[in-house]
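Undergrad: I have a structure I would like to understand better, so I am pasting it below and will then ask my questions one at a time.
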Amino acid sequence: MSARTESRPDGGRVLRALLYAALILFAIYYLLPLYVMLANSVKPLEEIRQGNMMALPQVLTFEPWAQAWSEAKVGVAATGLKPYFWNSIKMVVPAVIIVTILGALNGYVLTKYTFRGANILFGMMLLGCFIPFQIALIPAARVLGFLGIAGTTWGLVLVHTAYGLGFATLFFRNYYAAFPTELIRAARIDGAGFFTIFFRILLPSSGPIIVVTVIWLFTNIWNDFLFGVSFGDFDSQPMTVALNNLVSSSGGVKEYNVHFAGAILAALPTLIVYIVSGRYFVRGLMSGAVKG
Amino acid sequence: MGSLEIDSLDKSYGAAKVLKDINIEIEEGGFLVLVGPSGCGKSTLLNSIAGLEDITGGEIRIAGKKVNDLAPADRDIAMVFQSYALYPNMTVRGNIAFGMEIRKIPKAERDEAVHRVATLLQIEDLLDRKPSQLSGGQRQRVAMGRALVREPQVFLFDEPLSNLDAKLRVDMRTEIKKLHQRLGATIVYVTHDQIEAMTLATKIAVLKGGVLQQAGTPAEIYNNPVNTFVAEFMGSPSMNLIPAQAGQGPNGPTLSIARKAGDPLVLPAPEAVAAYAGRGVLLGLRPEAITDEEAADRNARVVETASCRIDVLEPSGADTYCTTDLGGKDVIGRLRADAPIRQGEDATLAFNLDKAVIFDPDSGERIA
Ligand SMILES: Nc1ncnc2c1ncn2[C@@H]1O[C@H](COP(=O)(O)OP(=O)(O)OP(=O)(O)O)[C@@H](O)[C@H]1O
Ligand SMILES: [Mg+2]
């Protein structure tokens with residue numbers, strides 16, 4: 001690509017300029033909502049009421065952020081989003097860890113310790129990914145009730161584990177399918193057992209796909225609303241549900257600046273996860289794509 | 001008692017029989033090379049010996065001990081893979097020491113063993129590198145180091161040199177041969193390369209479609225193939241199989257071979273051909289048994305000469321290969337480079353019939 005543009009400098013430069021213009025335009029388009037949220041979250045409410053959502057703040061204030069975090073009314077109690085933020089963390093972190101480990105083990109078994117019916121089992125797991133959440137709500141509620149963990153964080157962890165496992169297995173299975181079987185055989189001859197091979201040989205080479213899986217799971221579980229609102233209790237409801245309550249429960253005036261700050265707070269963890277490991281995300285997806 | 005004995009081994013994948021009643025024995029310090037066309041079951045046989053594949057029937061014994069039900073690690077074997085299979089996340093040192101680490105051998109002992117093997121293979125400088133920082137030949141050495149450090153009863157090699165370029169392959173071949181002589185180890189070695197097979201082996205086993213065709217020393221396989229498959233498979237250019245008519249002459253059985261022009265060529269044949277009188281057979285002659293007159297083997301007992309039309313001449317440096325039509329087939333002979341023979345003309349060729357082998361054309365089995 002670059003070699004071709006260099007060999008025809010004039011046409012190439014015009015083309016490149018157009019390309020960049022288009023890319024910048026798209027970037028602006030996608031960044032605009034973020035800008036609006038950021039700008040308005042640091043304005044006093046009066047300034048927003050004057051009408052210009054696009055303007056930069058004239059008076060900079062972090063009061064809305066403080067309010068959204070620890071003072072605003074969420075539902076009935078004026079707790080801010082803070083307790084729910086921790087609810088989400090307590091739900092997401094165990095779920096992501098459990099699903100990633102199980103997904104990796106599944107992928108390992110499905111590719112390197114295959115057994116009769118492995119493909120059918122895998123097909124059924126994949127099918128699980130595509131069952132709409134709504135259909136599973138009532139059975140899930142029954143199961144949680146039966147296990148006595150309805151309304152708890154662990155109940156939510158279980159539901160998300162069940163839902164995340166299909167995709168996590170898919171990711172790891174495809175990644176490990178390209179992993180040389182001879183390496184596993186060499187390790188077996190060296191005397192390594194099932195778990196030694198997994199932890200010493202397979203996992204150290206799984207960096208990219210672990211990143212992909214973690215980002216995918218973290219984003220999905222953090223952003224989930226339906227399970228949270230269905231199975232969450234006061235002390236287990238995640239951030240997304242609280243944000244909804246925050247926006248819909250403020251009695252008289254709509255405090256847009258607080259809402260914006262709350263929305264950013266709710267989106268922040270997934271953003272951070274992506275920014276920190278996004279490079280590996282793309283790389284992991286690419287390596288999967290190339291190796292099939 | 002051999003170092004490795006394979007007794008009526010059967011192996012199926014579901015309904016597909018991949019290995020059928022294999023019997024091979026290799027003595028201590030022997031070098032067994034498995035050859036055969038792609039998909040004939042060489043790797044499967046090797047993996048069965050290693051215990052990486054379960055066998056369907058038969059018995060495998062290593063140093064007299066039945067190993068059918070032992071895990072690969074407990075069979076006293078080590079394996080070198082075609083892709084080298086070095087653990088990518090470990091250093092060379094880690095790779096070589098991994099097996100010992102699993103077996104909980106103390107660190108000092110491990111270091112000493114790694115050092116010993118590294119010195120033997122001249123890879124001391126590479127010990128702290130990752131496999132990705134090594135060349136193909138270096139990886140090959142490390143893979144051998146990982147096998148050597150175990151000091152096993154039997155070494156298994158699955159096409160270890162096939163990923164190397166031609167020059168390196170020849171070097172490593174010599175190195176493996178030296179190593180074998182120095183260590184006196186028992187080796188089972190899979191290859192596609194006939195020269196590798198001929199130069200390394202003390203015993204060659206030729207497989208086809210999961211059936212062992214012949215096992216024997218390289219000379220036996222080369223000079224006395226049991227059937228046309230083995231005859232054509234080993235040697236390059238491969239053995240000529242000339243259609244001939246068996247007959248009875250005044251001095252015993254004869255073979256008569258049709259020529260494009262002129263009378264058929266009539267050659268004396270061994271006594272066993274008598275039973276085939278009046279029927280077609282295949283006369284097997286390697287190119288080096290068909291020469292110009294001066295190059296004929298003076299120690300041979302039966303050398304026949306005949307005038308043949310030379311269709312093609314292919315100089316290859318040391319020798320010149322010629323093609324002539326016998327029995328309706330292109331037959332290749334090997335001439336001295338300076339033999340006064342020209343393409344498209346008749347020339348006198350010498351046939352060394354000491355080296356002749358004769359096959360049944362229907363079954364492909366050896367008659368004489
Ligand atoms: N896991 C398997 N399931 C079913 N069939 C198999 C399996 N592995 C190998 N085979 C079949 O067994 C036969 C022997 O395979 P093998 O790998 O031993 O051949 P090979 O002689 O090593 O060939 P190559 O020279 O190409 O390496 C082939 O026909 C192959 O298709
Ligand atoms: Mg093979």
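Here's how to read the names in the structure tokens: chain A, B, ... by the order shown, residue numbers from 1 in each chain, ligand numbers from 1 in the order shown.
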Give the residues close to ligand 2, within 7 Å, counting only C-alpha atoms and all ligand atoms; write them as a short mmCIF file (atom, residue, chain, number, x, y, z; two decimals) with N, CA and C atoms, in the first residue's frame.
TA:
data_model
loop_
_atom_site.label_atom_id
_atom_site.label_comp_id
_atom_site.auth_asym_id
_atom_site.auth_seq_id
_atom_site.Cartn_x
_atom_site.Cartn_y
_atom_site.Cartn_z
N GLY B 39 1.24 -41.42 4.25
CA GLY B 39 0.00 -42.01 4.71
C GLY B 39 0.06 -43.51 4.94
N LYS B 42 3.71 -44.62 9.01
CA LYS B 42 5.01 -44.51 9.69
C LYS B 42 4.88 -43.74 11.01
N SER B 43 4.26 -42.58 10.93
CA SER B 43 4.13 -41.77 12.15
C SER B 43 3.26 -42.49 13.16
N ASP B 158 10.85 -38.61 14.23
CA ASP B 158 9.86 -38.52 13.15
C ASP B 158 10.29 -37.44 12.16
#
Undergrad: Please identify all residues of chain B having at least one atom at most 12 Å from any atom of chain A, considering only C-alpha atoms, and return them as a PyMOL selection string.
TA: chain B and resi 14+43+47+49-53+70-90+94-104+143+146-147+149-150+152+155-158
Undergrad: Please give me, as a VMD selection string, the residues lying within 6 Å of ligand 1 when counting only C-alpha atoms and all ligand atoms.
TA: chain B and resid 13 18 37 to 44
Undergrad: Would you mind exporting C-alpha atoms of the selected residues as an mmCIF file, in the first residue's frame?
TA:
data_model
loop_
_atom_site.group_PDB
_atom_site.id
_atom_site.type_symbol
_atom_site.label_atom_id
_atom_site.label_comp_id
_atom_site.auth_asym_id
_atom_site.auth_seq_id
_atom_site.Cartn_x
_atom_site.Cartn_y
_atom_site.Cartn_z
ATOM 1 C CA TYR B 13 -8.943 -45.515 13.904
ATOM 2 C CA VAL B 18 -3.966 -48.103 9.737
ATOM 3 C CA PRO B 37 4.809 -43.508 0.909
ATOM 4 C CA SER B 38 2.856 -40.746 2.594
ATOM 5 C CA GLY B 39 -0.004 -42.013 4.715
ATOM 6 C CA CYS B 40 1.357 -45.553 5.032
ATOM 7 C CA GLY B 41 1.405 -45.373 8.827
ATOM 8 C CA LYS B 42 5.014 -44.507 9.694
ATOM 9 C CA SER B 43 4.127 -41.774 12.146
ATOM 10 C CA THR B 44 1.345 -43.866 13.589
#
Undergrad: If DSSP is run on the backbone, what residues of stretch 21-247 of chain A are strand (DSSP E or B)? A reply as a ChimeraX atom specification would be ideal.
TA: /A:74,77,151,232
Undergrad: Could you write out that same residue set with all heavy atoms as a PDB file, in the first residue's frame?
TA:
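Output contents, as saved in selection-v9.pdb:
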ATOM      1  N   VAL A  74     -30.338   7.289  44.466  1.00  0.00           N
ATOM      2  CA  VAL A  74     -30.473   6.155  43.551  1.00  0.00           C
ATOM      3  C   VAL A  74     -31.625   5.323  44.090  1.00  0.00           C
ATOM      4  O   VAL A  74     -31.516   4.736  45.155  1.00  0.00           O
ATOM      5  CB  VAL A  74     -29.184   5.322  43.503  1.00  0.00           C
ATOM      6  CG1 VAL A  74     -29.392   4.100  42.639  1.00  0.00           C
ATOM      7  CG2 VAL A  74     -28.030   6.156  42.982  1.00  0.00           C
ATOM      8  N   ALA A  77     -32.619   5.495  48.293  1.00  0.00           N
ATOM      9  CA  ALA A  77     -31.555   5.945  49.184  1.00  0.00           C
ATOM     10  C   ALA A  77     -30.610   6.897  48.466  1.00  0.00           C
ATOM     11  O   ALA A  77     -30.327   6.726  47.277  1.00  0.00           O
ATOM     12  CB  ALA A  77     -30.775   4.737  49.707  1.00  0.00           C
ATOM     13  N   GLY A 151     -30.707 -13.186  44.291  1.00  0.00           N
ATOM     14  CA  GLY A 151     -30.506 -11.852  44.824  1.00  0.00           C
ATOM     15  C   GLY A 151     -29.108 -11.581  45.340  1.00  0.00           C
ATOM     16  O   GLY A 151     -28.810 -10.480  45.776  1.00  0.00           O
ATOM     17  N   GLY A 232     -30.745  -8.955  40.724  1.00  0.00           N
ATOM     18  CA  GLY A 232     -29.996  -8.182  41.707  1.00  0.00           C
ATOM     19  C   GLY A 232     -30.881  -7.734  42.852  1.00  0.00           C
ATOM     20  O   GLY A 232     -32.080  -7.491  42.687  1.00  0.00           O
TER      21      GLY A 232
END
Undergrad: Do you know which residues are at most 9 Å from A:Tyr84 counting only C-alpha atoms, after dropping those on the same chain fewer than 4 positions away, and could you put them as a ChimeraX atom specification?
TA: /A:80,88-89,234-243
Undergrad: Pull N, CA and C atoms from the residues just selected and write them as a PDB file, in the first residue's frame.
TA:
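Output below, filename result25.pdb:
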ATOM      1  N   GLY A  80     -25.552   7.635  46.130  1.00  0.00           N
ATOM      2  CA  GLY A  80     -24.680   7.769  44.969  1.00  0.00           C
ATOM      3  C   GLY A  80     -24.446   6.399  44.347  1.00  0.00           C
ATOM      4  N   SER A  88     -20.756  -4.113  41.237  1.00  0.00           N
ATOM      5  CA  SER A  88     -20.372  -4.551  39.892  1.00  0.00           C
ATOM      6  C   SER A  88     -19.004  -5.208  39.911  1.00  0.00           C
ATOM      7  N   ILE A  89     -18.063  -4.545  40.599  1.00  0.00           N
ATOM      8  CA  ILE A  89     -16.709  -5.106  40.670  1.00  0.00           C
ATOM      9  C   ILE A  89     -16.755  -6.506  41.291  1.00  0.00           C
ATOM     10  N   PHE A 234     -30.786  -5.236  46.704  1.00  0.00           N
ATOM     11  CA  PHE A 234     -30.212  -3.959  47.109  1.00  0.00           C
ATOM     12  C   PHE A 234     -28.698  -4.036  47.207  1.00  0.00           C
ATOM     13  N   ASP A 235     -28.214  -5.125  47.775  1.00  0.00           N
ATOM     14  CA  ASP A 235     -26.760  -5.189  47.956  1.00  0.00           C
ATOM     15  C   ASP A 235     -26.057  -6.017  46.891  1.00  0.00           C
ATOM     16  N   SER A 236     -26.716  -6.229  45.751  1.00  0.00           N
ATOM     17  CA  SER A 236     -25.998  -6.901  44.675  1.00  0.00           C
ATOM     18  C   SER A 236     -26.258  -6.255  43.315  1.00  0.00           C
ATOM     19  N   GLN A 237     -27.172  -5.256  43.277  1.00  0.00           N
ATOM     20  CA  GLN A 237     -27.462  -4.628  41.989  1.00  0.00           C
ATOM     21  C   GLN A 237     -26.218  -3.976  41.405  1.00  0.00           C
ATOM     22  N   PRO A 238     -25.964  -4.218  40.117  1.00  0.00           N
ATOM     23  CA  PRO A 238     -24.764  -3.632  39.511  1.00  0.00           C
ATOM     24  C   PRO A 238     -24.969  -2.167  39.117  1.00  0.00           C
ATOM     25  N   MET A 239     -23.895  -1.585  38.709  1.00  0.00           N
ATOM     26  CA  MET A 239     -23.812  -0.181  38.306  1.00  0.00           C
ATOM     27  C   MET A 239     -24.858   0.204  37.262  1.00  0.00           C
ATOM     28  N   THR A 240     -25.058  -0.671  36.277  1.00  0.00           N
ATOM     29  CA  THR A 240     -25.971  -0.312  35.183  1.00  0.00           C
ATOM     30  C   THR A 240     -27.384  -0.087  35.704  1.00  0.00           C
ATOM     31  N   VAL A 241     -27.814  -0.941  36.608  1.00  0.00           N
ATOM     32  CA  VAL A 241     -29.155  -0.814  37.163  1.00  0.00           C
ATOM     33  C   VAL A 241     -29.243   0.457  37.996  1.00  0.00           C
ATOM     34  N   ALA A 242     -28.187   0.719  38.765  1.00  0.00           N
ATOM     35  CA  ALA A 242     -28.168   1.920  39.593  1.00  0.00           C
ATOM     36  C   ALA A 242     -28.217   3.170  38.731  1.00  0.00           C
ATOM     37  N   LEU A 243     -27.505   3.148  37.623  1.00  0.00           N
ATOM     38  CA  LEU A 243     -27.506   4.311  36.736  1.00  0.00           C
ATOM     39  C   LEU A 243     -28.921   4.581  36.228  1.00  0.00           C
TER      40      LEU A 243
END
Undergrad: Quick one: of A:Leu45, A:Ala261, A:Ile101, A:Ala118, who's nearest to A:Trp65, counting only C-alpha atoms?
TA: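 Residue with the minimum atom-to-atom distance to A:Trp65: A:Ala261.
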Undergrad: In terms of the shortest atom-to-atom distance over only C-alpha atoms, which of B:Thr119, B:Asn224, B:Thr174, B:Thr320 is closest to B:Ala356?
TA: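 Going through B:Thr119, B:Asn224, B:Thr174, B:Thr320 one by one, the smallest distance to B:Ala356 is for B:Asn224.
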Undergrad: Name all residues at most 10 Å from B:Val206 (count only C-alpha atoms; drop same-chain ones fewer than 5 positions away) and give them as a ChimeraX atom specification.
TA: /B:33-37,40,42,211-216,221,229-230,233-234
Undergrad: Suppose we keep N, CA and C atoms; can you now write the selection as a PDB file, in the first residue's frame?
TA:
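Below is the file that was written, out35.pdb:
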ATOM      1  N   VAL B  33      15.160 -47.707  10.335  1.00  0.00           N
ATOM      2  CA  VAL B  33      14.543 -46.617   9.588  1.00  0.00           C
ATOM      3  C   VAL B  33      13.231 -47.109   8.987  1.00  0.00           C
ATOM      4  N   LEU B  34      12.162 -46.362   9.237  1.00  0.00           N
ATOM      5  CA  LEU B  34      10.861 -46.685   8.656  1.00  0.00           C
ATOM      6  C   LEU B  34      10.670 -45.812   7.424  1.00  0.00           C
ATOM      7  N   VAL B  35      10.422 -46.462   6.286  1.00  0.00           N
ATOM      8  CA  VAL B  35      10.144 -45.697   5.072  1.00  0.00           C
ATOM      9  C   VAL B  35       8.845 -46.197   4.452  1.00  0.00           C
ATOM     10  N   GLY B  36       8.314 -45.394   3.564  1.00  0.00           N
ATOM     11  CA  GLY B  36       7.083 -45.770   2.876  1.00  0.00           C
ATOM     12  C   GLY B  36       6.415 -44.517   2.370  1.00  0.00           C
ATOM     13  N   PRO B  37       5.460 -44.684   1.460  1.00  0.00           N
ATOM     14  CA  PRO B  37       4.809 -43.508   0.909  1.00  0.00           C
ATOM     15  C   PRO B  37       3.985 -42.779   1.968  1.00  0.00           C
ATOM     16  N   CYS B  40       1.263 -44.100   4.886  1.00  0.00           N
ATOM     17  CA  CYS B  40       1.357 -45.553   5.032  1.00  0.00           C
ATOM     18  C   CYS B  40       1.371 -45.976   6.489  1.00  0.00           C
ATOM     19  N   LYS B  42       3.712 -44.617   9.014  1.00  0.00           N
ATOM     20  CA  LYS B  42       5.014 -44.507   9.694  1.00  0.00           C
ATOM     21  C   LYS B  42       4.884 -43.745  11.007  1.00  0.00           C
ATOM     22  N   VAL B 211       0.951 -52.129   5.958  1.00  0.00           N
ATOM     23  CA  VAL B 211       1.484 -53.490   5.985  1.00  0.00           C
ATOM     24  C   VAL B 211       2.992 -53.422   5.811  1.00  0.00           C
ATOM     25  N   LEU B 212       3.710 -54.170   6.664  1.00  0.00           N
ATOM     26  CA  LEU B 212       5.158 -54.225   6.540  1.00  0.00           C
ATOM     27  C   LEU B 212       5.511 -55.066   5.319  1.00  0.00           C
ATOM     28  N   GLN B 213       6.207 -54.453   4.340  1.00  0.00           N
ATOM     29  CA  GLN B 213       6.556 -55.175   3.124  1.00  0.00           C
ATOM     30  C   GLN B 213       7.824 -55.984   3.324  1.00  0.00           C
ATOM     31  N   GLN B 214       8.809 -55.355   3.909  1.00  0.00           N
ATOM     32  CA  GLN B 214      10.093 -56.025   4.076  1.00  0.00           C
ATOM     33  C   GLN B 214      10.891 -55.293   5.135  1.00  0.00           C
ATOM     34  N   ALA B 215      11.608 -56.042   5.934  1.00  0.00           N
ATOM     35  CA  ALA B 215      12.530 -55.443   6.888  1.00  0.00           C
ATOM     36  C   ALA B 215      13.866 -56.133   6.729  1.00  0.00           C
ATOM     37  N   GLY B 216      14.928 -55.362   6.623  1.00  0.00           N
ATOM     38  CA  GLY B 216      16.232 -55.970   6.443  1.00  0.00           C
ATOM     39  C   GLY B 216      17.309 -54.915   6.410  1.00  0.00           C
ATOM     40  N   ILE B 221      17.557 -54.832   1.406  1.00  0.00           N
ATOM     41  CA  ILE B 221      16.429 -54.129   0.813  1.00  0.00           C
ATOM     42  C   ILE B 221      16.758 -53.699  -0.607  1.00  0.00           C
ATOM     43  N   PHE B 229       7.026 -53.473  -5.195  1.00  0.00           N
ATOM     44  CA  PHE B 229       6.857 -52.211  -4.485  1.00  0.00           C
ATOM     45  C   PHE B 229       8.169 -51.787  -3.836  1.00  0.00           C
ATOM     46  N   VAL B 230       8.788 -52.717  -3.109  1.00  0.00           N
ATOM     47  CA  VAL B 230      10.051 -52.389  -2.444  1.00  0.00           C
ATOM     48  C   VAL B 230      11.118 -52.079  -3.496  1.00  0.00           C
ATOM     49  N   PHE B 233      10.485 -48.652  -4.771  1.00  0.00           N
ATOM     50  CA  PHE B 233      10.474 -47.580  -3.779  1.00  0.00           C
ATOM     51  C   PHE B 233      11.883 -47.157  -3.390  1.00  0.00           C
ATOM     52  N   MET B 234      12.782 -48.133  -3.227  1.00  0.00           N
ATOM     53  CA  MET B 234      14.131 -47.789  -2.788  1.00  0.00           C
ATOM     54  C   MET B 234      15.054 -47.643  -3.990  1.00  0.00           C
TER      55      MET B 234
END
